[in-house]
file run.cif (mmCIF, C-alpha atoms and all ligand atoms)
data_data
loop_
_atom_site.label_atom_id
_atom_site.label_comp_id
_atom_site.auth_asym_id
_atom_site.auth_seq_id
_atom_site.Cartn_x
_atom_site.Cartn_y
_atom_site.Cartn_z
CA MET A 241 -17.89 50.72 -50.43
CA LEU A 242 -19.89 53.04 -52.72
CA ARG A 243 -17.71 54.34 -55.57
CA ILE A 244 -18.81 57.80 -56.71
CA ALA A 245 -17.54 59.68 -59.79
CA LEU A 246 -17.46 63.47 -59.53
CA PRO A 247 -16.48 66.15 -62.07
CA ASN A 248 -12.99 67.43 -61.25
CA LYS A 249 -13.26 70.72 -63.22
CA GLY A 250 -15.51 72.81 -65.45
CA SER A 251 -19.07 74.10 -64.96
CA LEU A 252 -20.27 71.02 -63.08
CA SER A 253 -17.49 70.70 -60.59
CA GLU A 254 -18.24 73.38 -58.00
CA ALA A 255 -21.96 72.62 -57.68
CA ALA A 256 -21.38 68.85 -57.54
CA THR A 257 -18.72 69.27 -54.86
CA ALA A 258 -21.03 71.55 -52.83
CA MET A 259 -23.82 68.98 -53.06
CA LEU A 260 -21.58 66.17 -51.77
CA HIS A 261 -20.32 68.40 -48.98
CA GLU A 262 -23.88 69.23 -47.89
CA ALA A 263 -24.69 65.52 -48.01
CA GLY A 264 -21.95 64.97 -45.42
CA TYR A 265 -19.13 63.55 -47.56
CA ARG A 266 -15.45 64.36 -47.16
CA GLN A 267 -14.00 67.14 -49.28
CA ARG A 268 -10.79 66.82 -51.25
CA LYS A 269 -7.98 69.02 -49.92
CA ASP A 270 -6.98 70.50 -53.26
CA GLY A 271 -7.98 70.45 -56.91
CA LYS A 272 -5.24 67.95 -57.77
CA GLU A 273 -6.52 65.09 -55.64
CA LEU A 274 -8.21 62.49 -57.85
CA MET A 275 -9.43 60.11 -55.16
CA VAL A 276 -10.70 60.58 -51.63
CA VAL A 277 -11.51 57.72 -49.28
CA ASP A 278 -14.36 58.51 -46.91
CA PRO A 279 -14.52 55.61 -44.44
CA ALA A 280 -17.14 57.31 -42.23
CA ASN A 281 -19.59 57.20 -45.16
CA ASN A 282 -18.28 53.94 -46.59
CA ALA A 283 -17.53 55.71 -49.88
CA GLU A 284 -14.73 56.42 -52.32
CA LEU A 285 -14.93 59.65 -54.33
CA PHE A 286 -13.20 59.78 -57.73
CA TYR A 287 -12.62 63.21 -59.28
CA LEU A 288 -12.65 62.65 -63.03
CA ARG A 289 -12.98 64.66 -66.21
CA PRO A 290 -16.72 65.40 -66.69
CA ARG A 291 -16.61 63.82 -70.16
CA ASP A 292 -15.18 60.57 -68.82
CA ILE A 293 -17.65 60.03 -65.99
CA ALA A 294 -20.30 58.17 -68.00
CA THR A 295 -17.60 55.90 -69.43
CA TYR A 296 -16.39 54.90 -65.96
CA VAL A 297 -19.91 54.45 -64.62
CA GLY A 298 -21.03 52.60 -67.78
CA SER A 299 -18.10 50.19 -67.35
CA GLY A 300 -19.46 49.23 -63.94
CA ARG A 301 -16.15 50.10 -62.21
CA LEU A 302 -17.80 53.02 -60.43
CA ASP A 303 -21.32 52.78 -59.02
CA VAL A 304 -22.72 56.26 -59.64
CA GLY A 305 -21.55 59.56 -61.08
CA ILE A 306 -22.55 63.18 -61.50
CA THR A 307 -22.36 64.49 -65.04
CA GLY A 308 -24.31 66.49 -67.61
CA ARG A 309 -27.05 64.70 -69.54
CA ASP A 310 -25.50 66.02 -72.79
CA LEU A 311 -22.08 64.62 -71.83
CA MET A 312 -23.59 61.25 -70.95
CA LEU A 313 -25.48 61.02 -74.25
CA ASP A 314 -22.43 62.15 -76.21
CA SER A 315 -20.26 59.45 -74.63
CA GLY A 316 -22.53 56.66 -75.87
CA ALA A 317 -21.71 54.87 -72.60
CA SER A 318 -24.08 52.29 -71.18
CA ALA A 319 -25.28 54.62 -68.44
CA GLU A 320 -28.65 56.08 -67.47
CA PRO A 321 -29.85 58.93 -65.27
CA ILE A 322 -31.41 58.11 -61.92
CA MET A 323 -31.95 61.63 -60.62
CA ASP A 324 -31.99 65.20 -61.96
CA LEU A 325 -29.83 67.49 -59.85
CA GLY A 326 -31.14 70.87 -60.96
CA PHE A 327 -27.90 72.64 -61.89
CA ALA A 328 -25.88 73.17 -65.12
CA ARG A 329 -29.14 73.56 -67.03
CA SER A 330 -28.57 74.22 -70.71
CA THR A 331 -29.91 73.54 -74.15
CA PHE A 332 -27.92 72.19 -77.07
CA ARG A 333 -28.54 74.05 -80.30
CA PHE A 334 -27.46 74.74 -83.83
CA ALA A 335 -26.21 78.24 -84.64
CA ALA A 336 -24.68 79.97 -87.65
CA LEU A 337 -24.15 83.37 -89.28
CA PRO A 338 -27.49 85.00 -90.17
CA ALA A 339 -26.88 84.44 -93.90
CA THR A 340 -26.37 80.70 -93.35
CA VAL A 341 -29.45 80.52 -91.11
CA GLU A 342 -31.49 82.09 -93.90
CA GLN A 343 -30.11 79.62 -96.43
CA VAL A 344 -30.74 76.60 -94.14
CA ALA A 345 -34.28 77.81 -93.41
CA LYS A 346 -35.04 77.91 -97.16
CA GLU A 347 -34.36 74.16 -97.34
CA ALA A 348 -37.24 73.17 -95.04
CA GLY A 349 -35.56 72.90 -91.64
CA VAL A 350 -32.76 70.51 -90.86
CA ALA A 351 -32.59 69.13 -94.42
CA GLY A 352 -30.78 72.42 -95.15
CA LEU A 353 -27.81 71.15 -93.10
CA ALA A 354 -26.97 68.61 -95.83
CA GLY A 355 -23.39 68.93 -97.02
CA LEU A 356 -22.45 71.59 -94.44
CA ARG A 357 -19.60 71.37 -91.92
CA ILE A 358 -20.93 71.31 -88.34
CA ALA A 359 -18.43 72.02 -85.54
CA SER A 360 -19.16 70.70 -82.06
CA ALA A 361 -17.60 69.46 -78.85
CA TYR A 362 -20.45 66.91 -78.77
CA PRO A 363 -19.95 64.95 -82.01
CA GLY A 364 -21.85 61.93 -80.71
CA VAL A 365 -24.99 63.96 -80.06
CA VAL A 366 -24.74 65.72 -83.44
CA ARG A 367 -24.16 62.49 -85.41
CA GLU A 368 -27.09 60.83 -83.71
CA PHE A 369 -29.32 63.83 -84.48
CA LEU A 370 -28.24 63.83 -88.16
CA ALA A 371 -28.73 60.07 -88.47
CA THR A 372 -32.25 60.31 -87.02
CA ALA A 373 -33.06 63.21 -89.34
CA GLY A 374 -31.56 61.31 -92.31
CA VAL A 375 -29.25 64.22 -93.15
CA SER A 376 -25.68 63.77 -94.33
CA ALA A 377 -23.28 66.46 -93.10
CA GLU A 378 -19.65 66.62 -91.96
CA VAL A 379 -19.07 66.81 -88.19
CA VAL A 380 -15.95 68.73 -87.13
CA LYS A 381 -14.95 67.71 -83.61
CA LEU A 382 -13.58 70.51 -81.43
CA ASP A 383 -12.74 70.64 -77.72
CA GLY A 384 -14.36 73.98 -76.83
CA ALA A 385 -14.65 77.64 -77.88
CA VAL A 386 -16.70 76.22 -80.74
CA GLU A 387 -18.28 79.60 -81.49
CA VAL A 388 -15.07 80.84 -83.10
CA SER A 389 -14.85 78.00 -85.62
CA ILE A 390 -17.03 79.67 -88.24
CA ALA A 391 -14.99 82.88 -88.28
CA LEU A 392 -11.85 80.75 -88.57
CA GLY A 393 -13.28 78.93 -91.58
CA VAL A 394 -13.39 75.34 -90.34
CA ALA A 395 -17.18 75.12 -90.09
CA ASP A 396 -20.43 76.54 -91.53
CA VAL A 397 -22.61 75.71 -88.54
CA VAL A 398 -21.94 75.02 -84.85
CA ALA A 399 -23.86 72.83 -82.41
CA ASP A 400 -23.15 74.04 -78.90
CA VAL A 401 -24.28 74.37 -75.31
CA VAL A 402 -26.47 77.45 -74.81
CA GLU A 403 -27.41 78.90 -71.46
CA THR A 404 -28.01 82.64 -71.86
CA GLY A 405 -26.98 82.77 -75.52
CA THR A 406 -24.36 85.44 -74.79
CA THR A 407 -21.43 83.43 -76.16
CA LEU A 408 -23.11 82.84 -79.52
CA ARG A 409 -24.37 86.42 -79.78
CA HIS A 410 -20.89 87.81 -79.13
CA ALA A 411 -19.62 85.65 -81.97
CA GLY A 412 -22.30 87.11 -84.28
CA LEU A 413 -24.13 83.77 -84.51
CA GLU A 414 -27.87 83.08 -84.45
CA VAL A 415 -29.48 79.93 -83.10
CA PHE A 416 -31.84 78.11 -85.41
CA GLY A 417 -34.10 75.07 -85.35
CA GLU A 418 -35.56 73.38 -82.31
CA PRO A 419 -33.14 72.60 -79.45
CA ILE A 420 -31.36 69.32 -80.16
CA LEU A 421 -31.64 68.49 -76.48
CA THR A 422 -31.98 69.98 -73.04
CA SER A 423 -29.47 69.10 -70.37
CA GLU A 424 -28.82 69.38 -66.67
CA ALA A 425 -26.56 67.70 -64.15
CA GLN A 426 -27.77 64.21 -63.31
CA LEU A 427 -26.84 61.32 -61.10
CA ILE A 428 -26.15 58.36 -63.38
CA ARG A 429 -25.53 54.64 -63.03
CA ARG A 430 -24.79 51.72 -65.33
CA ILE A 431 -27.76 50.50 -67.38
CA GLY A 432 -28.91 47.23 -65.84
CA ALA A 433 -27.11 47.82 -62.54
CA GLU A 434 -28.53 45.74 -59.70
CA GLU A 435 -30.54 47.40 -56.96
CA SER A 436 -28.15 48.50 -54.26
CA PRO A 437 -28.97 49.72 -50.74
CA ALA A 438 -25.84 51.91 -50.80
CA VAL A 439 -27.01 53.63 -54.01
CA GLU A 440 -30.51 54.05 -52.58
CA GLN A 441 -29.05 55.64 -49.46
CA PHE A 442 -26.89 57.98 -51.57
CA LEU A 443 -29.99 58.98 -53.58
CA ARG A 444 -31.86 59.78 -50.36
CA ARG A 445 -28.97 61.92 -49.19
CA LEU A 446 -28.89 63.94 -52.41
CA LYS A 447 -32.68 64.30 -52.37
CA GLY A 448 -32.31 65.54 -48.79
CA VAL A 449 -29.83 68.18 -49.92
CA ILE A 450 -32.12 69.38 -52.71
CA THR A 451 -35.14 69.52 -50.39
CA ALA A 452 -33.18 71.28 -47.65
CA ARG A 453 -32.19 73.94 -50.17
CA GLU A 454 -35.68 74.33 -51.57
CA TYR A 455 -37.62 74.45 -48.31
CA VAL A 456 -37.46 76.44 -45.07
CA LEU A 457 -39.10 75.76 -41.71
CA MET A 458 -41.86 78.16 -40.76
CA ASP A 459 -42.99 78.48 -37.13
CA TYR A 460 -45.75 80.73 -35.87
CA ASP A 461 -48.30 81.16 -33.12
CA ILE A 462 -51.95 81.68 -33.91
CA ARG A 463 -55.27 81.75 -32.09
CA ALA A 464 -56.78 78.25 -32.04
CA GLU A 465 -59.90 79.32 -33.92
CA ASN A 466 -57.78 80.52 -36.87
CA VAL A 467 -55.50 77.50 -37.15
CA ASP A 468 -57.50 75.79 -39.90
CA ARG A 469 -57.25 78.81 -42.13
CA ALA A 470 -53.55 79.22 -41.33
CA VAL A 471 -52.64 75.64 -42.22
CA GLN A 472 -54.29 76.16 -45.59
CA VAL A 473 -51.65 78.84 -46.16
CA THR A 474 -48.83 76.54 -44.94
CA PRO A 475 -49.99 72.98 -45.72
CA GLY A 476 -46.40 71.64 -45.46
CA ILE A 477 -45.15 68.55 -47.26
CA GLU A 478 -47.27 66.08 -45.27
CA SER A 479 -49.17 67.85 -42.52
CA PRO A 480 -48.12 70.71 -40.25
CA THR A 481 -47.32 70.07 -36.59
CA VAL A 482 -49.78 71.89 -34.31
CA SER A 483 -48.79 72.07 -30.61
CA PRO A 484 -50.64 73.59 -27.66
CA LEU A 485 -49.26 76.76 -26.09
CA HIS A 486 -49.40 77.56 -22.38
CA ASP A 487 -51.93 80.24 -23.19
CA LYS A 488 -54.98 78.06 -23.94
CA GLY A 489 -56.40 80.19 -26.73
CA TRP A 490 -53.25 79.85 -28.85
CA VAL A 491 -51.38 77.09 -30.74
CA ALA A 492 -47.91 76.86 -32.30
CA VAL A 493 -47.65 75.66 -35.90
CA ARG A 494 -44.55 74.30 -37.62
CA SER A 495 -44.50 73.60 -41.33
CA MET A 496 -42.01 73.14 -44.19
CA VAL A 497 -42.66 75.68 -46.94
CA GLN A 498 -40.98 76.53 -50.23
CA ARG A 499 -38.31 79.16 -49.73
CA GLY A 500 -39.63 81.31 -52.58
CA GLU A 501 -43.14 81.36 -51.06
CA ALA A 502 -42.09 82.24 -47.51
CA GLN A 503 -42.53 86.04 -47.62
CA ARG A 504 -45.98 85.85 -49.23
CA MET A 505 -47.07 83.26 -46.66
CA MET A 506 -45.80 85.37 -43.77
CA ASP A 507 -47.89 88.32 -45.00
CA GLU A 508 -50.99 86.12 -45.28
CA LEU A 509 -50.40 84.58 -41.85
CA TRP A 510 -49.95 88.02 -40.31
CA ASP A 511 -53.29 89.07 -41.76
CA LEU A 512 -54.85 85.98 -40.16
CA GLY A 513 -53.50 87.14 -36.78
CA ALA A 514 -50.43 84.91 -36.59
CA ARG A 515 -47.55 86.31 -34.54
CA GLY A 516 -44.00 85.22 -33.73
CA ILE A 517 -43.58 84.05 -37.32
CA LEU A 518 -40.08 82.61 -37.72
CA VAL A 519 -38.38 81.24 -40.80
CA THR A 520 -35.27 79.08 -40.45
CA ASP A 521 -33.01 77.25 -42.89
CA ILE A 522 -33.03 73.47 -43.01
CA LEU A 523 -29.49 72.07 -42.90
CA ALA A 524 -30.36 68.51 -43.82
CA CYS A 525 -33.49 66.38 -44.08
CA ARG A 526 -35.13 63.13 -45.15
CA VAL A 527 -38.73 63.58 -46.17
N1 LIG B 1 -22.74 78.21 -69.40
C1 LIG B 1 -23.27 77.06 -69.02
N2 LIG B 1 -24.45 77.02 -68.35
C2 LIG B 1 -25.00 75.88 -67.94
N3 LIG B 1 -24.43 74.67 -68.16
C3 LIG B 1 -23.28 74.66 -68.82
C4 LIG B 1 -22.63 75.83 -69.29
N4 LIG B 1 -21.49 75.48 -69.92
C5 LIG B 1 -21.42 74.15 -69.83
N5 LIG B 1 -22.49 73.65 -69.19
C6 LIG B 1 -22.79 72.25 -68.89
O1 LIG B 1 -21.66 71.74 -68.22
C7 LIG B 1 -21.33 70.49 -68.75
C8 LIG B 1 -19.98 70.60 -69.41
O2 LIG B 1 -19.06 70.64 -68.44
P1 LIG B 1 -17.54 70.68 -68.87
O3 LIG B 1 -16.76 70.76 -67.63
O4 LIG B 1 -17.21 69.61 -69.84
O5 LIG B 1 -17.48 71.98 -69.75
P2 LIG B 1 -17.12 73.42 -69.36
O6 LIG B 1 -17.74 73.87 -68.10
O7 LIG B 1 -17.43 74.17 -70.56
O8 LIG B 1 -15.57 73.29 -69.09
P3 LIG B 1 -14.38 73.43 -70.09
O9 LIG B 1 -13.83 74.78 -69.79
O10 LIG B 1 -13.48 72.31 -69.72
O11 LIG B 1 -14.96 73.35 -71.46
C9 LIG B 1 -22.38 70.12 -69.76
O12 LIG B 1 -23.35 69.31 -69.15
C10 LIG B 1 -22.94 71.46 -70.18
O13 LIG B 1 -24.30 71.37 -70.58
O1 LIG B 2 -25.12 80.69 -73.55
P1 LIG B 2 -24.07 81.13 -72.61
O2 LIG B 2 -24.61 81.67 -71.32
O3 LIG B 2 -23.08 82.07 -73.22
O4 LIG B 2 -23.25 79.84 -72.13
C1 LIG B 2 -22.88 78.80 -73.00
C2 LIG B 2 -21.40 78.73 -73.21
O5 LIG B 2 -20.76 78.37 -71.96
C3 LIG B 2 -19.87 77.27 -72.20
O6 LIG B 2 -18.66 77.73 -72.64
P2 LIG B 2 -17.33 77.86 -71.78
O7 LIG B 2 -17.19 79.23 -71.27
O8 LIG B 2 -17.26 76.78 -70.77
O9 LIG B 2 -16.19 77.63 -72.85
P3 LIG B 2 -15.96 76.39 -73.84
O10 LIG B 2 -16.70 76.71 -75.08
O11 LIG B 2 -14.49 76.36 -74.03
O12 LIG B 2 -16.47 75.17 -73.19
C4 LIG B 2 -20.54 76.54 -73.35
O13 LIG B 2 -19.62 75.72 -74.04
C5 LIG B 2 -21.08 77.67 -74.22
O14 LIG B 2 -20.12 78.11 -75.14
MG MG B 3 -16.97 74.67 -71.83
#
call {"tool": "encode", "arguments": {"input": "run.cif", "output": "structure tokens"}}
result
Amino acid sequence: MLRIALPNKGSLSEAATAMLHEAGYRQRKDGKELMVVDPANNAELFYLRPRDIATYVGSGRLDVGITGRDLMLDSGASAEPIMDLGFARSTFRFAALPATVEQVAKEAGVAGLAGLRIASAYPGVVREFLATAGVSAEVVKLDGAVEVSIALGVADVVADVVETGTTLRHAGLEVFGEPILTSEAQLIRRIGAEESPAVEQFLRRLKGVITAREYVLMDYDIRAENVDRAVQVTPGIESPTVSPLHDKGWVAVRSMVQRGEAQRMMDELWDLGARGILVTDILACRV
């Protein structure tokens, strides 16, 4: 039985749940259910707080989990990523009022943080950064809405998740310094976990979901003498399928192409004389 940890709320939850659904796993009936048994897939799904997932997986009690790279690093759990999942992409950055940013910048980069109060919901990541930089500062641990902490007087600097930067801008804060880290949702497992066919199979399923989202199937008919030029436009992942048509001068081509490239390719194929060009979604795949 593969034991899978999934985020039960927050930014990661919806996308992780959608991914599992597309990979053929049972859905929970409501947001309160914490455990779902899925006998058809020989799996148990545990819906846990995103912050706790690396702890459970690192303990070895659960085999794999979906969480943010930043959350995993912050937990200090003995867990490692085995696959990037491509959602919840963010950076983790310092920010402060413009006057503080100016003052910090005067002190040659991060050394200017010395003695300041840094508020964050990721104290583990911040402490590790400060230790590596050899800077001594106070870390104020908050649960969220960190951007308000400076106005409320409990911190001089924040270290927070940044996607568009809107949250920090609205709070009148400016980012400074290089990003402390970049993050995205990842599939994680315990460091040193033994190879497991069930985990390998789960990985293939998730890869299948990502590929099925990224690619479409393109079918078209083209005169046989133009097929070589056409398959240069649609080389596919391995090699396109070329089948004879009843009309001897023509062939049918089928190829997987990147969704974002499909319209450009259709225009190029049209110019090469291709007709009956069809694009269809891929529901699931193993490539
Ligand atoms: N606006 C965002 N854009 C992209 N990723 C984000 C965003 N906010 C949070 N994340 C990512 O989501 C994960 C945090 O999820 P978590 O559920 O703990 O926080 P949250 O979505 O802010 O929920 P909460 O309301 O409980 O704070 C982290 O990996 C973080 O990098
Ligand atoms: O750069 P942006 O696009 O504005 O996104 C980043 C913000 O989104 C998240 O906040 P959330 O709304 O989850 O609230 P929280 O601070 O309570 O976690 C995160 O903690 C940042 O504050
Ligand atoms: Mg949040």
call {"tool": "atom_distance", "arguments": {"input": "run.cif", "atom1": "atom C9 of ligand LIG 1 (chain B)", "atom2": "atom CA of A:Ser318"}}
result
18.0 Å
call {"tool": "closest_residue", "arguments": {"input": "run.cif", "among": "A:Gly405, A:Gly374, A:Gly355, A:Pro480", "to": "ligand LIG 1 (chain B)", "atoms": "all atoms listed in the file"}}
result
A:Gly405
call {"tool": "closest_atom_pairs", "arguments": {"input": "run.cif", "of": "chain A", "to": "ligand LIG 1 (chain B)", "cutoff": "8 Å", "atoms": "all atoms listed in the file", "output": "Markdown table"}}
result
| residue | atom | partner | partner_atom | distance |
| --- | --- | --- | --- | --- |
| A:Pro247 | CA | B:LIG1 | O3 | 7.2 |
| A:Lys249 | CA | B:LIG1 | O3 | 5.6 |
| A:Gly250 | CA | B:LIG1 | O3 | 3.2 |
| A:Ser251 | CA | B:LIG1 | O6 | 3.4 |
| A:Leu252 | CA | B:LIG1 | O1 | 5.4 |
| A:Ser253 | CA | B:LIG1 | O3 | 7.1 |
| A:Arg289 | CA | B:LIG1 | O3 | 7.3 |
| A:Pro290 | CA | B:LIG1 | O4 | 5.3 |
| A:Arg291 | CA | B:LIG1 | O4 | 5.8 |
| A:Thr307 | CA | B:LIG1 | O12 | 6.4 |
| A:Gly308 | CA | B:LIG1 | O12 | 3.4 |
| A:Arg309 | CA | B:LIG1 | O12 | 5.9 |
| A:Asp310 | CA | B:LIG1 | O12 | 5.4 |
| A:Leu311 | CA | B:LIG1 | O12 | 5.5 |
| A:Phe327 | CA | B:LIG1 | N3 | 7.4 |
| A:Ala328 | CA | B:LIG1 | N3 | 3.7 |
| A:Arg329 | CA | B:LIG1 | C2 | 4.8 |
| A:Ser330 | CA | B:LIG1 | C2 | 4.8 |
| A:Thr331 | CA | B:LIG1 | O13 | 7.0 |
| A:Phe332 | CA | B:LIG1 | O13 | 7.5 |
| A:Asp383 | CA | B:LIG1 | O11 | 7.2 |
| A:Gly384 | CA | B:LIG1 | O11 | 5.4 |
| A:Ala385 | CA | B:LIG1 | O11 | 7.7 |
| A:Val401 | CA | B:LIG1 | O13 | 5.6 |
| A:Val402 | CA | B:LIG1 | N1 | 6.6 |
| A:Glu403 | CA | B:LIG1 | N2 | 4.7 |
| A:Thr404 | CA | B:LIG1 | N1 | 7.3 |
| A:Ser423 | CA | B:LIG1 | O13 | 5.7 |
| A:Glu424 | CA | B:LIG1 | O12 | 6.0 |
| A:Ala425 | CA | B:LIG1 | O12 | 6.2 |
call {"tool": "atom_distance", "arguments": {"input": "run.cif", "atom1": "atom CA of A:Gln441", "atom2": "atom CA of A:Asp324"}}
result
16.0 Å
call {"tool": "closest_residue", "arguments": {"input": "run.cif", "among": "A:Val386, A:Arg268, A:Ala258, A:Ala411", "to": "ligand LIG 2 (chain B)", "atoms": "only C-alpha atoms and all ligand atoms"}}
result
A:Val386
call {"tool": "closest_residue", "arguments": {"input": "run.cif", "among": "A:Met312, A:Ala280, A:Val415, A:Leu302", "to": "ligand LIG 2 (chain B)", "atoms": "only C-alpha atoms and all ligand atoms"}}
result
A:Val415
call {"tool": "closest_residue", "arguments": {"input": "run.cif", "among": "A:Ser360, A:Ser436, A:Asn281, A:Thr422", "to": "ligand MG 3 (chain B)", "atoms": "only C-alpha atoms and all ligand atoms"}}
result
A:Ser360
call {"tool": "residues_around", "arguments": {"input": "run.cif", "residues": "A:Val527", "least_positions_apart": "2", "cutoff": "9 Å", "atoms": "only C-alpha atoms", "output": "ChimeraX atom specification"}}
result
/A:444,447-448,451,477-478,525
call {"tool": "closest_residue", "arguments": {"input": "run.cif", "among": "A:Glu414, A:Glu284, A:Glu254, A:Glu378", "to": "A:Leu242", "atoms": "all atoms listed in the file"}}
result
A:Glu284
call {"tool": "closest_residue", "arguments": {"input": "run.cif", "among": "A:Val344, A:Val350, A:Ile244, A:Ala319", "to": "A:Ala433", "atoms": "only C-alpha atoms"}}
result
A:Ala319
call {"tool": "axis_aligned_box", "arguments": {"input": "run.cif", "around": "stretch 397-405 of chain A", "padding_each_side": "5 Å", "output": "lines of an AutoDock Vina configuration file"}}
result
center_x = -25.0
center_y = 77.8
center_z = -80.0
size_x = 16.1
size_y = 19.9
size_z = 27.1
call {"tool": "atom_distance", "arguments": {"input": "run.cif", "atom1": "atom CA of A:Ile322", "atom2": "atom CA of A:Arg499"}}
result
25.3 Å
call {"tool": "build_atoms", "arguments": {"input": "run.cif", "residues": "stretch 250-262 of chain A", "atoms": "N, CA and C atoms", "output": "mmCIF file, in the coordinates of the input"}}
result
data_model
loop_
_atom_site.group_PDB
_atom_site.id
_atom_site.type_symbol
_atom_site.label_atom_id
_atom_site.label_comp_id
_atom_site.auth_asym_id
_atom_site.auth_seq_id
_atom_site.Cartn_x
_atom_site.Cartn_y
_atom_site.Cartn_z
ATOM 1 N N GLY A 250 -14.433 72.371 -64.553
ATOM 2 C CA GLY A 250 -15.510 72.810 -65.450
ATOM 3 C C GLY A 250 -16.764 73.254 -64.714
ATOM 4 N N SER A 251 -17.814 73.537 -65.487
ATOM 5 C CA SER A 251 -19.070 74.100 -64.960
ATOM 6 C C SER A 251 -19.729 73.239 -63.893
ATOM 7 N N LEU A 252 -19.537 71.919 -63.980
ATOM 8 C CA LEU A 252 -20.270 71.020 -63.080
ATOM 9 C C LEU A 252 -19.589 70.848 -61.736
ATOM 10 N N SER A 253 -18.307 71.136 -61.715
ATOM 11 C CA SER A 253 -17.490 70.700 -60.590
ATOM 12 C C SER A 253 -17.878 71.340 -59.261
ATOM 13 N N GLU A 254 -18.000 72.672 -59.261
ATOM 14 C CA GLU A 254 -18.240 73.380 -58.000
ATOM 15 C C GLU A 254 -19.589 72.972 -57.377
ATOM 16 N N ALA A 255 -20.624 72.948 -58.202
ATOM 17 C CA ALA A 255 -21.960 72.620 -57.680
ATOM 18 C C ALA A 255 -22.033 71.171 -57.219
ATOM 19 N N ALA A 256 -21.371 70.271 -57.938
ATOM 20 C CA ALA A 256 -21.380 68.850 -57.540
ATOM 21 C C ALA A 256 -20.645 68.684 -56.218
ATOM 22 N N THR A 257 -19.514 69.361 -56.093
ATOM 23 C CA THR A 257 -18.720 69.270 -54.860
ATOM 24 C C THR A 257 -19.525 69.822 -53.682
ATOM 25 N N ALA A 258 -20.223 70.944 -53.906
ATOM 26 C CA ALA A 258 -21.030 71.550 -52.830
ATOM 27 C C ALA A 258 -22.132 70.577 -52.393
ATOM 28 N N MET A 259 -22.729 69.905 -53.375
ATOM 29 C CA MET A 259 -23.820 68.980 -53.060
ATOM 30 C C MET A 259 -23.319 67.824 -52.185
ATOM 31 N N LEU A 260 -22.152 67.278 -52.555
ATOM 32 C CA LEU A 260 -21.580 66.170 -51.770
ATOM 33 C C LEU A 260 -21.212 66.633 -50.362
ATOM 34 N N HIS A 261 -20.694 67.845 -50.284
ATOM 35 C CA HIS A 261 -20.320 68.400 -48.980
ATOM 36 C C HIS A 261 -21.557 68.526 -48.092
ATOM 37 N N GLU A 262 -22.638 69.067 -48.661
ATOM 38 C CA GLU A 262 -23.880 69.230 -47.890
ATOM 39 C C GLU A 262 -24.486 67.876 -47.514
#
